[in-house]
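Everything below concerns the one structure shown next.
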Amino acid sequence: MDKSWIEWGTRCSKPHYDKLDEFLSFASASRDISSRIYCPCRKCENRDLFVIDIVREHLRDNGFWKKYKIWEKHGESTDYDGSLHRDEVLLGSNNYMDVDMVLLVQEALGTAHVARPGDENGGEENSDPLVGGPNEFANQPLYPGSKKHIALSFIVRILEAKVSNGWSDTSFKDLLDIFEESMPKGVNLRKSYNEAQKLTEDLGFTYYTVDACPNSYNDVDRGLELGLGPGKRRAAKQERYFPLEPRLQRLFMSSKTATLMRWHAEKRTDDGVFRHPVDSLAWKDFDSKHSNFSADIRNVRLGLASDGFNPFRTMNIPHSTWPIILVPYKLPPTLLMKQPYIYLSVLIDGPQALGDNIDVYLQPLIEELKELWEEGVPTFDPSSNQMFQLYAGLLWTINDFPAYANLSGWSTKGEYACPNCNSETDSVWLNNGHKWSFGSSRRFSPEDHKYRRDAKSFNGLREYREAPSTLSGVDLLT
């Protein structure tokens, strides 16, 4: 199909409108007129679904998204693992389904046998070992004749709505019962919240809960305190830990994201301009010191961010929540800080701030990071069709100065508050102000700077000392 019209300078012409109509006819060929399609205008960029008339208005007003060269979200054939084509995924009939979710689950859990034109057995054989699992759900319509949802996408959507709106488990089950009563016969739904949640666990979306006492002990025996009722105990603090290894492996479950995980080495423009963390001195210094790690471009470098906040928007309720966030720095800049690639690793709830005890709650993450650094985890790369050992390393942490003290163990208060100057911190106690003052900034000025000789404007002394030497990690540990 001719796509040169996308680059045309004018959009207000009959030839351009005719090309738009051809595209929309192609995109809606196997769909009902009332069904929704992705909008490829320059504002929506295939993020939103609209009916065809709305998409036509968007394309006329905003123009066609020029980077969208392969119309894979609108029926154009695209190879996946050399076996599936987007227009060959047939779920009973030519229904419009969420094919992206189908292909992602098939790549993640093993490609199920899907009926394709020319199959000798007509697609009757099913090699899917996960009977009733996500792979089977990914190949079933929500009900016979459904054109908007497959069973898996519908369950995921209502699970998301439950979390976003705070539904109880009972209300969720009642809603499933209403759906089953109101939908056509043969609807594919789970019977309860537990069954629906089990589906997400099969996909690897799970976490572990660790209880802790007020003194931040996180073992089972010491991690509980007595409650109000006889024989009852409750946790004073609670940690939810989301395992990192399966989430990094999922980055390579899809052939698309597996290719993007090599972007920084294969498609990045290296012209000395800082566009991506890979252009930073810290990244390059890390590669030079750990050549074995950097030899495989698929190994993941991580950044860690953390801070505490009160989720109730008022200081009258004593509560503290500390999220620990991990970011894999491998994707292109357009995806790097998007929500799907920002990982919540640890979530800590309690009535008070953690302070220096945060290291207790970081133990599961630290152990997993050590394992990923020393041993790695076997991972399948669908883009190259081979197994490899995936390693991960932590590049840096991102936090404010108080959180820096909690994460690093270096006190940012008192006489030696500066972590860079360390023991050479130049501090003076103010008797009237009752606090420490740090007035040695002139040490960091050039040797011939006029402020070095200006005693009157500062502390009455001239400054001839050199800047303190920055300590390495090895120096700090010794």
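Chain identifiers are assigned as A, B, and so on, following the order in which chains appear in the structure tokens; residues are numbered from 1 within each chain, and ligands are numbered from 1 in order of appearance.
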Can you pull out the residues contacting Arg36 in chain A? Cut-off 12 Å, using only C-alpha atoms, and skip same-chain residues under 6 positions away; I want them as an MDAnalysis selection string.
chainID A and resid 24 27:28 30 46 48:56 73:74 96:98 147:149
So that I can see what lies close to Asn188 in chain A, please list as a list in words the residues with an atom at most 8 Å from it, counting only C-alpha atoms and leaving out residues fewer than 6 positions away in the same chain.
Gln140, Pro141, Leu142, Tyr143 and Ala151 of chain A
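Using only C-alpha atoms, the shortest contact distance between Asn357 in chain A and any of A:Cys12, A:Ala258, A:Leu461, A:Leu407 is found at A:Leu407.
The space separating CA of Arg465 in chain A from CA of Cys418 in chain A comes to 17.1 Å.
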Leu326 in chain A: which residues within 12 Å, counting only C-alpha atoms, same-chain residues fewer than 5 positions away excluded, as a VMD selection string?
chain A and resid 242 to 244 247 to 248 300 to 306 336 to 337 339 to 347 365 369 392 to 398
Please give the complete set of residues from range 233-393 of chain A that DSSP, run on the backbone, assigns to strand (DSSP E or B), formatted as a PyMOL selection string.
chain A and resi 233-234+237-241+300-306+309+320-328+343-350+377-381+386-390+392-393
